[in-house]
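Text of work15.pdb, listed as PDB, C-alpha atoms:
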```pdb
ATOM      1  CA  MET A   1      -8.173 114.016 -16.571
ATOM      2  CA  ALA A   2      -5.643 113.639 -19.381
ATOM      3  CA  ASP A   3      -3.555 111.314 -17.220
ATOM      4  CA  ALA A   4      -6.614 109.152 -16.472
ATOM      5  CA  LEU A   5      -7.332 108.903 -20.196
ATOM      6  CA  VAL A   6      -3.732 107.887 -20.964
ATOM      7  CA  ASP A   7      -3.786 105.351 -18.102
ATOM      8  CA  GLY A   8      -6.955 103.923 -19.637
ATOM      9  CA  GLY A   9      -5.208 103.422 -22.981
ATOM     10  CA  ALA A  10      -6.357 106.528 -24.872
ATOM     11  CA  ARG A  11      -4.143 108.602 -27.140
ATOM     12  CA  VAL A  12      -4.301 112.165 -25.839
ATOM     13  CA  GLU A  13      -3.247 115.278 -27.731
ATOM     14  CA  ARG A  14      -3.104 118.474 -25.710
ATOM     15  CA  HIS A  15      -2.933 120.765 -28.751
ATOM     16  CA  SER A  16      -4.291 120.564 -32.274
ATOM     17  CA  PRO A  17      -4.551 123.126 -35.055
ATOM     18  CA  LEU A  18      -7.979 121.609 -35.727
ATOM     19  CA  LEU A  19      -9.420 122.987 -32.470
ATOM     20  CA  PRO A  20     -11.613 126.070 -32.933
ATOM     21  CA  ASP A  21     -10.413 129.515 -31.973
ATOM     22  CA  LEU A  22     -12.045 130.086 -28.574
ATOM     23  CA  THR A  23     -12.467 133.839 -29.070
ATOM     24  CA  GLU A  24     -14.169 133.407 -32.451
ATOM     25  CA  ALA A  25     -16.333 130.598 -31.032
ATOM     26  CA  ALA A  26     -17.368 132.833 -28.107
ATOM     27  CA  MET A  27     -18.345 135.668 -30.444
ATOM     28  CA  SER A  28     -20.293 133.286 -32.683
ATOM     29  CA  THR A  29     -22.013 131.787 -29.649
ATOM     30  CA  ARG A  30     -23.135 135.223 -28.502
ATOM     31  CA  SER A  31     -24.295 136.117 -32.000
ATOM     32  CA  CYS A  32     -26.185 132.893 -32.658
ATOM     33  CA  CYS A  33     -27.596 132.251 -29.207
ATOM     34  CA  SER A  34     -28.441 135.695 -27.798
ATOM     35  CA  ARG A  35     -31.551 136.451 -29.817
ATOM     36  CA  ALA A  36     -34.017 134.514 -27.661
ATOM     37  CA  PRO A  37     -32.998 136.113 -24.336
ATOM     38  CA  SER A  38     -33.722 139.554 -25.778
ATOM     39  CA  ARG A  39     -37.396 138.902 -25.070
ATOM     40  CA  ALA A  40     -36.507 139.168 -21.384
ATOM     41  CA  PHE A  41     -35.112 142.649 -21.967
ATOM     42  CA  PRO A  42     -37.816 144.578 -23.880
ATOM     43  CA  SER A  43     -35.791 147.775 -24.070
ATOM     44  CA  ASN A  44     -33.148 145.974 -26.133
ATOM     45  CA  ARG A  45     -35.565 145.033 -28.901
ATOM     46  CA  THR A  46     -35.851 148.558 -30.183
ATOM     47  CA  SER A  47     -32.501 149.970 -29.143
ATOM     48  CA  SER A  48     -29.343 149.987 -31.184
ATOM     49  CA  CYS A  49     -25.803 149.465 -29.963
ATOM     50  CA  GLY A  50     -24.638 152.133 -32.403
ATOM     51  CA  PRO A  51     -20.984 152.719 -33.119
ATOM     52  CA  ALA A  52     -18.703 151.426 -30.385
ATOM     53  CA  PRO A  53     -15.036 151.894 -29.678
ATOM     54  CA  PRO A  54     -13.005 149.109 -31.316
ATOM     55  CA  ASP A  55     -11.843 147.576 -28.005
ATOM     56  CA  TRP A  56     -15.380 147.401 -26.581
ATOM     57  CA  ALA A  57     -16.855 146.187 -29.871
ATOM     58  CA  ARG A  58     -14.807 142.993 -29.675
ATOM     59  CA  THR A  59     -16.088 141.919 -26.252
ATOM     60  CA  THR A  60     -18.527 139.036 -25.810
ATOM     61  CA  ARG A  61     -20.969 141.447 -24.121
ATOM     62  CA  ALA A  62     -20.969 143.735 -27.169
ATOM     63  CA  SER A  63     -21.511 140.726 -29.401
ATOM     64  CA  MET A  64     -24.457 139.627 -27.248
ATOM     65  CA  LEU A  65     -26.021 143.103 -27.259
ATOM     66  CA  ARG A  66     -25.717 143.385 -31.045
ATOM     67  CA  ALA A  67     -27.330 139.962 -31.427
ATOM     68  CA  MET A  68     -30.325 141.077 -29.380
ATOM     69  CA  VAL A  69     -31.234 143.559 -32.107
ATOM     70  CA  PHE A  70     -30.151 141.496 -35.114
ATOM     71  CA  SER A  71     -31.918 141.865 -38.404
ATOM     72  CA  HIS A  72     -32.617 138.690 -40.325
ATOM     73  CA  ARG A  73     -29.655 139.479 -42.562
ATOM     74  CA  ASP A  74     -27.383 139.789 -39.491
ATOM     75  CA  TRP A  75     -28.598 136.439 -38.218
ATOM     76  CA  ILE A  76     -27.916 134.782 -41.595
ATOM     77  CA  GLU A  77     -24.336 136.078 -41.455
ATOM     78  CA  ALA A  78     -23.935 134.786 -37.882
ATOM     79  CA  ASN A  79     -25.407 131.444 -38.867
ATOM     80  CA  SER A  80     -22.907 131.237 -41.742
ATOM     81  CA  ARG A  81     -20.104 131.580 -39.172
ATOM     82  CA  ARG A  82     -21.761 128.809 -37.141
ATOM     83  CA  GLU A  83     -21.712 126.567 -40.223
ATOM     84  CA  LEU A  84     -17.990 127.244 -40.603
ATOM     85  CA  HIS A  85     -17.515 126.115 -36.999
ATOM     86  CA  ARG A  86     -19.525 122.958 -37.689
ATOM     87  CA  HIS A  87     -17.280 122.224 -40.678
ATOM     88  CA  GLY A  88     -14.185 122.719 -38.516
ATOM     89  CA  TRP A  89     -15.534 120.334 -35.892
ATOM     90  CA  ARG A  90     -16.264 117.701 -38.556
ATOM     91  CA  GLN A  91     -12.616 117.911 -39.614
ATOM     92  CA  LEU A  92     -11.465 117.574 -36.006
ATOM     93  CA  PHE A  93     -13.688 114.553 -35.360
ATOM     94  CA  ALA A  94     -12.305 112.821 -38.429
ATOM     95  CA  GLU A  95      -9.104 112.537 -36.354
ATOM     96  CA  PHE A  96     -10.340 112.542 -32.733
ATOM     97  CA  ASP A  97     -13.179 110.757 -30.929
ATOM     98  CA  ALA A  98     -13.847 113.453 -28.304
ATOM     99  CA  VAL A  99     -12.621 116.760 -26.880
ATOM    100  CA  VAL A 100     -12.195 117.256 -23.131
ATOM    101  CA  CYS A 101     -12.362 120.875 -22.000
ATOM    102  CA  PRO A 102     -13.643 123.051 -19.146
ATOM    103  CA  ILE A 103     -17.343 123.659 -18.628
ATOM    104  CA  THR A 104     -16.957 127.107 -17.110
ATOM    105  CA  LEU A 105     -14.239 129.611 -16.219
ATOM    106  CA  ILE A 106     -14.104 128.886 -12.484
ATOM    107  CA  PRO A 107     -15.064 126.184  -9.962
ATOM    108  CA  ALA A 108     -18.398 126.350  -8.161
ATOM    109  CA  PHE A 109     -19.284 129.925  -7.145
ATOM    110  CA  PRO A 110     -21.962 131.687  -5.084
ATOM    111  CA  HIS A 111     -25.167 132.125  -7.074
ATOM    112  CA  ASP A 112     -26.303 135.638  -7.882
ATOM    113  CA  HIS A 113     -30.104 135.902  -7.781
ATOM    114  CA  ASN A 114     -30.381 139.507  -8.949
ATOM    115  CA  PRO A 115     -33.587 139.643 -11.040
ATOM    116  CA  ASP A 116     -31.760 141.582 -13.775
ATOM    117  CA  PRO A 117     -29.259 139.051 -15.165
ATOM    118  CA  ARG A 118     -27.369 141.832 -16.953
ATOM    119  CA  THR A 119     -26.129 143.142 -13.585
ATOM    120  CA  ARG A 120     -24.952 139.753 -12.274
ATOM    121  CA  ARG A 121     -21.200 139.277 -11.883
ATOM    122  CA  ILE A 122     -18.749 136.452 -11.283
ATOM    123  CA  ASP A 123     -15.366 136.839  -9.628
ATOM    124  CA  ILE A 124     -12.402 135.422 -11.529
ATOM    125  CA  ASP A 125      -9.096 135.844  -9.710
ATOM    126  CA  GLY A 126     -10.355 138.951  -7.922
ATOM    127  CA  ILE A 127     -11.761 140.629 -11.038
ATOM    128  CA  GLU A 128     -15.500 140.943 -11.666
ATOM    129  CA  PHE A 129     -16.802 139.839 -15.069
ATOM    130  CA  PRO A 130     -20.331 139.755 -16.519
ATOM    131  CA  TYR A 131     -22.126 136.649 -15.245
ATOM    132  CA  PHE A 132     -22.799 135.269 -18.720
ATOM    133  CA  ASP A 133     -19.092 135.299 -19.637
ATOM    134  CA  GLN A 134     -18.957 131.954 -17.855
ATOM    135  CA  LEU A 135     -20.833 130.424 -20.801
ATOM    136  CA  VAL A 136     -17.866 130.754 -23.165
ATOM    137  CA  TRP A 137     -16.796 127.122 -22.636
ATOM    138  CA  ALA A 138     -20.334 125.697 -22.692
ATOM    139  CA  GLY A 139     -20.946 127.617 -25.919
ATOM    140  CA  LEU A 140     -18.068 125.798 -27.576
ATOM    141  CA  ALA A 141     -20.347 122.752 -27.921
ATOM    142  CA  THR A 142     -23.736 124.480 -27.804
ATOM    143  CA  MET A 143     -23.227 126.930 -30.670
ATOM    144  CA  PRO A 144     -22.410 124.274 -33.332
ATOM    145  CA  GLY A 145     -24.994 121.861 -31.844
ATOM    146  CA  LEU A 146     -22.575 119.191 -30.616
ATOM    147  CA  PRO A 147     -23.367 116.692 -27.862
ATOM    148  CA  ALA A 148     -21.509 117.277 -24.607
ATOM    149  CA  THR A 149     -21.523 115.453 -21.295
ATOM    150  CA  ALA A 150     -20.451 117.131 -18.042
ATOM    151  CA  ILE A 151     -18.506 115.029 -15.555
ATOM    152  CA  PRO A 152     -16.732 115.677 -12.244
ATOM    153  CA  ALA A 153     -12.971 116.062 -12.585
ATOM    154  CA  GLY A 154     -11.850 116.650  -9.016
ATOM    155  CA  ARG A 155     -11.681 119.593  -6.683
ATOM    156  CA  SER A 156     -10.136 123.034  -6.613
ATOM    157  CA  PRO A 157      -7.485 123.785  -3.955
ATOM    158  CA  GLU A 158     -10.370 125.218  -1.879
ATOM    159  CA  GLY A 159     -12.243 121.893  -2.089
ATOM    160  CA  LEU A 160     -14.880 123.084  -4.572
ATOM    161  CA  PRO A 161     -16.089 120.709  -7.292
ATOM    162  CA  VAL A 162     -14.514 121.125 -10.725
ATOM    163  CA  GLY A 163     -15.945 119.576 -13.864
ATOM    164  CA  VAL A 164     -15.081 119.104 -17.490
ATOM    165  CA  GLN A 165     -17.189 118.523 -20.550
ATOM    166  CA  LEU A 166     -16.685 115.765 -23.067
ATOM    167  CA  ILE A 167     -17.643 117.006 -26.539
ATOM    168  CA  GLY A 168     -18.482 114.481 -29.229
ATOM    169  CA  PRO A 169     -19.208 114.542 -32.955
ATOM    170  CA  MET A 170     -22.508 115.883 -34.306
ATOM    171  CA  SER A 171     -25.395 113.434 -33.684
ATOM    172  CA  GLU A 172     -23.130 110.990 -31.823
ATOM    173  CA  ASP A 173     -24.482 111.585 -28.331
ATOM    174  CA  ARG A 174     -23.423 108.114 -27.206
ATOM    175  CA  THR A 175     -19.736 108.901 -27.746
ATOM    176  CA  PRO A 176     -19.323 111.413 -24.880
ATOM    177  CA  LEU A 177     -21.738 109.402 -22.730
ATOM    178  CA  ARG A 178     -19.659 106.238 -23.160
ATOM    179  CA  LEU A 179     -16.439 108.149 -22.493
ATOM    180  CA  ALA A 180     -18.046 109.507 -19.299
ATOM    181  CA  GLU A 181     -18.837 105.937 -18.214
ATOM    182  CA  LEU A 182     -15.272 104.812 -18.854
ATOM    183  CA  LEU A 183     -13.804 107.804 -17.016
ATOM    184  CA  GLU A 184     -16.107 107.219 -14.052
ATOM    185  CA  GLN A 185     -14.669 103.715 -13.785
ATOM    186  CA  GLN A 186     -11.142 105.120 -14.038
ATOM    187  CA  ILE A 187     -11.337 108.129 -11.669
ATOM    188  CA  GLY A 188     -14.565 107.612  -9.734
ATOM    189  CA  GLY A 189     -17.842 109.483  -9.880
ATOM    190  CA  PHE A 190     -19.344 112.472  -8.122
ATOM    191  CA  GLN A 191     -18.266 113.136  -4.543
ATOM    192  CA  ALA A 192     -20.195 115.637  -2.431
ATOM    193  CA  PRO A 193     -18.252 118.796  -1.465
ATOM    194  CA  ARG A 194     -16.641 118.833   1.957
TER     195      ARG A 194
END
```

Using structure tokens, write down the structure from this file.
Amino acid sequence: MADALVDGGARVERHSPLLPDLTEAAMSTRSCCSRAPSRAFPSNRTSSCGPAPPDWARTTRASMLRAMVFSHRDWIEANSRRELHRHGWRQLFAEFDAVVCPITLIPAFPHDHNPDPRTRRIDIDGIEFPYFDQLVWAGLATMPGLPATAIPAGRSPEGLPVGVQLIGPMSEDRTPLRLAELLEQQIGGFQAPR
């Protein structure tokens, strides 16, 4: 994808200190965006995560569980962290037009239809992870409320479709959409899996 952008005349930077810390963004995403799903899990509304070992307490799952029982004060603190992310993105977009990054952790995968989403798992390099861990990359744009456009980026070695997301500045939805159009002309559009 980066090569296609360079071939099309874009300046591409593969690293920038202005990019958000992915771990912090994932924790903020879980904190800010996990409250609504708690309605699907009634037992979580009245339970408490209680004290947790330090290693477990830093996981995205622990962050999501704590968010399900947030007080208003907790949510205000989480929202303050979201505002810090928004500020960081504004600084980044003062220098860059868009960010290209993964959509999810792995290529296409078998769907898990277990009615309890908390028990769903995805396999990443032979290790099972909670199903919702795959949202870490999507949350990078979702949590601060940035527009993002998903586009095909090729295939995995197994022939599965792989995509990327194009993240644009706040309220500039046409920026990632236009970049998607230009990239489609450069590398082609969607191709059905073999």

Query raised in the report: Which is closest to Ile76 of chain A among A:Pro130, A:Arg14, A:Ser28, A:Asp123, if we use only C-alpha atoms?
Result: A:Ser28

Query raised in the report: Which distance in Å separates atom CA of Thr149 of chain A and atom CA of Leu135 of chain A, to one decimal?
Result: 15.0 Å

Report task. Using the chain letters and numbers from the file, give me the residues hit by the PyMOL selection byres ((chain A and resi 170) around 8), as a ChimeraX atom specification. Result -> /A:90,145-147,168-169,171-173

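Rounded to one decimal, atom CA of Thr175 of chain A and atom CA of Ala94 of chain A lie 13.6 Å from each other.
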
Can you spell out as a PDB file with C-alpha atoms, in the coordinates of the input the set of residues that the PyMOL selection byres ((chain A and resi 4) around 12) selects in the structure I just provided?
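Final output, expr.pdb:
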```pdb
ATOM      1  CA  MET A   1      -8.173 114.016 -16.571  1.00  0.00           C
ATOM      2  CA  ALA A   2      -5.643 113.639 -19.381  1.00  0.00           C
ATOM      3  CA  ASP A   3      -3.555 111.314 -17.220  1.00  0.00           C
ATOM      4  CA  LEU A   5      -7.332 108.903 -20.196  1.00  0.00           C
ATOM      5  CA  VAL A   6      -3.732 107.887 -20.964  1.00  0.00           C
ATOM      6  CA  ASP A   7      -3.786 105.351 -18.102  1.00  0.00           C
ATOM      7  CA  GLY A   8      -6.955 103.923 -19.637  1.00  0.00           C
ATOM      8  CA  GLY A   9      -5.208 103.422 -22.981  1.00  0.00           C
ATOM      9  CA  ALA A  10      -6.357 106.528 -24.872  1.00  0.00           C
ATOM     10  CA  ARG A  11      -4.143 108.602 -27.140  1.00  0.00           C
ATOM     11  CA  VAL A  12      -4.301 112.165 -25.839  1.00  0.00           C
ATOM     12  CA  VAL A 100     -12.195 117.256 -23.131  1.00  0.00           C
ATOM     13  CA  ALA A 153     -12.971 116.062 -12.585  1.00  0.00           C
ATOM     14  CA  GLY A 154     -11.850 116.650  -9.016  1.00  0.00           C
ATOM     15  CA  LEU A 179     -16.439 108.149 -22.493  1.00  0.00           C
ATOM     16  CA  ALA A 180     -18.046 109.507 -19.299  1.00  0.00           C
ATOM     17  CA  LEU A 182     -15.272 104.812 -18.854  1.00  0.00           C
ATOM     18  CA  LEU A 183     -13.804 107.804 -17.016  1.00  0.00           C
ATOM     19  CA  GLU A 184     -16.107 107.219 -14.052  1.00  0.00           C
ATOM     20  CA  GLN A 185     -14.669 103.715 -13.785  1.00  0.00           C
ATOM     21  CA  GLN A 186     -11.142 105.120 -14.038  1.00  0.00           C
ATOM     22  CA  ILE A 187     -11.337 108.129 -11.669  1.00  0.00           C
ATOM     23  CA  GLY A 188     -14.565 107.612  -9.734  1.00  0.00           C
TER      24      GLY A 188
END
```

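Minimum atom-to-atom distance to Ala138 of chain A, evaluated using all atoms listed in the file, belongs to A:Thr104 out of A:Thr104, A:Val164, A:Ala192, A:Arg174.
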
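The coordinates place atom CA of Leu19 of chain A at 26.1 Å from atom CA of Ala108 of chain A.
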
Kindly reconstruct segment 125-155 of chain A with N, CA and C atoms and present the result as a compact mmCIF listing (two decimals), in the coordinates of the input.
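Produced file selection_29.txt, reproduced below:
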```txt
# COMPACT_ATOMS: atom_id res chain seq x y z
N ASP A 125 -10.39 135.37 -10.20
CA ASP A 125 -9.10 135.84 -9.71
C ASP A 125 -9.15 137.29 -9.22
N GLY A 126 -10.23 137.63 -8.51
CA GLY A 126 -10.36 138.95 -7.92
C GLY A 126 -10.88 140.02 -8.85
N ILE A 127 -11.22 139.66 -10.08
CA ILE A 127 -11.76 140.63 -11.04
C ILE A 127 -13.20 140.23 -11.36
N GLU A 128 -14.10 141.22 -11.35
CA GLU A 128 -15.50 140.94 -11.67
C GLU A 128 -15.72 140.97 -13.17
N PHE A 129 -16.45 139.95 -13.66
CA PHE A 129 -16.80 139.84 -15.07
C PHE A 129 -18.31 139.67 -15.18
N PRO A 130 -18.90 140.02 -16.33
CA PRO A 130 -20.33 139.76 -16.52
C PRO A 130 -20.64 138.27 -16.30
N TYR A 131 -21.71 138.00 -15.61
CA TYR A 131 -22.13 136.65 -15.24
C TYR A 131 -22.15 135.69 -16.44
N PHE A 132 -22.65 136.16 -17.58
CA PHE A 132 -22.80 135.27 -18.72
C PHE A 132 -21.49 134.98 -19.45
N ASP A 133 -20.39 135.65 -19.06
CA ASP A 133 -19.09 135.30 -19.64
C ASP A 133 -18.71 133.86 -19.30
N GLN A 134 -19.28 133.32 -18.23
CA GLN A 134 -18.96 131.95 -17.86
C GLN A 134 -19.44 130.93 -18.89
N LEU A 135 -20.29 131.35 -19.80
CA LEU A 135 -20.83 130.42 -20.80
C LEU A 135 -19.91 130.21 -22.00
N VAL A 136 -18.75 130.86 -22.01
CA VAL A 136 -17.87 130.75 -23.16
C VAL A 136 -17.49 129.30 -23.45
N TRP A 137 -17.18 128.52 -22.41
CA TRP A 137 -16.80 127.12 -22.64
C TRP A 137 -18.00 126.27 -23.00
N ALA A 138 -19.13 126.47 -22.35
CA ALA A 138 -20.33 125.70 -22.69
C ALA A 138 -20.76 125.99 -24.13
N GLY A 139 -20.58 127.23 -24.56
CA GLY A 139 -20.95 127.62 -25.92
C GLY A 139 -20.11 126.96 -26.99
N LEU A 140 -18.93 126.48 -26.61
CA LEU A 140 -18.07 125.80 -27.58
C LEU A 140 -18.79 124.61 -28.20
N ALA A 141 -19.57 123.88 -27.41
CA ALA A 141 -20.35 122.75 -27.92
C ALA A 141 -21.75 123.18 -28.33
N THR A 142 -22.36 124.09 -27.57
CA THR A 142 -23.74 124.48 -27.80
C THR A 142 -23.93 125.18 -29.14
N MET A 143 -23.06 126.13 -29.45
CA MET A 143 -23.23 126.93 -30.67
C MET A 143 -23.26 126.07 -31.93
N PRO A 144 -22.33 125.10 -32.12
CA PRO A 144 -22.41 124.27 -33.33
C PRO A 144 -23.37 123.09 -33.19
N GLY A 145 -24.01 122.93 -32.03
CA GLY A 145 -24.99 121.86 -31.84
C GLY A 145 -24.38 120.49 -31.60
N LEU A 146 -23.25 120.45 -30.88
CA LEU A 146 -22.58 119.19 -30.62
C LEU A 146 -23.01 118.62 -29.28
N PRO A 147 -23.03 117.29 -29.15
CA PRO A 147 -23.37 116.69 -27.86
C PRO A 147 -22.21 116.86 -26.88
N ALA A 148 -22.53 117.14 -25.64
CA ALA A 148 -21.51 117.28 -24.61
C ALA A 148 -22.05 116.69 -23.31
N THR A 149 -21.17 116.05 -22.57
CA THR A 149 -21.52 115.45 -21.30
C THR A 149 -20.63 116.04 -20.22
N ALA A 150 -21.21 116.56 -19.15
CA ALA A 150 -20.45 117.13 -18.04
C ALA A 150 -20.16 116.05 -17.02
N ILE A 151 -18.90 116.02 -16.57
CA ILE A 151 -18.51 115.03 -15.56
C ILE A 151 -17.63 115.70 -14.50
N PRO A 152 -17.62 115.15 -13.27
CA PRO A 152 -16.73 115.68 -12.24
C PRO A 152 -15.28 115.34 -12.59
N ALA A 153 -14.39 116.27 -12.27
CA ALA A 153 -12.97 116.06 -12.58
C ALA A 153 -12.07 116.28 -11.38
N GLY A 154 -12.66 116.43 -10.21
CA GLY A 154 -11.85 116.65 -9.02
C GLY A 154 -12.31 117.88 -8.27
N ARG A 155 -11.37 118.44 -7.52
CA ARG A 155 -11.68 119.59 -6.68
C ARG A 155 -10.63 120.68 -6.85
```
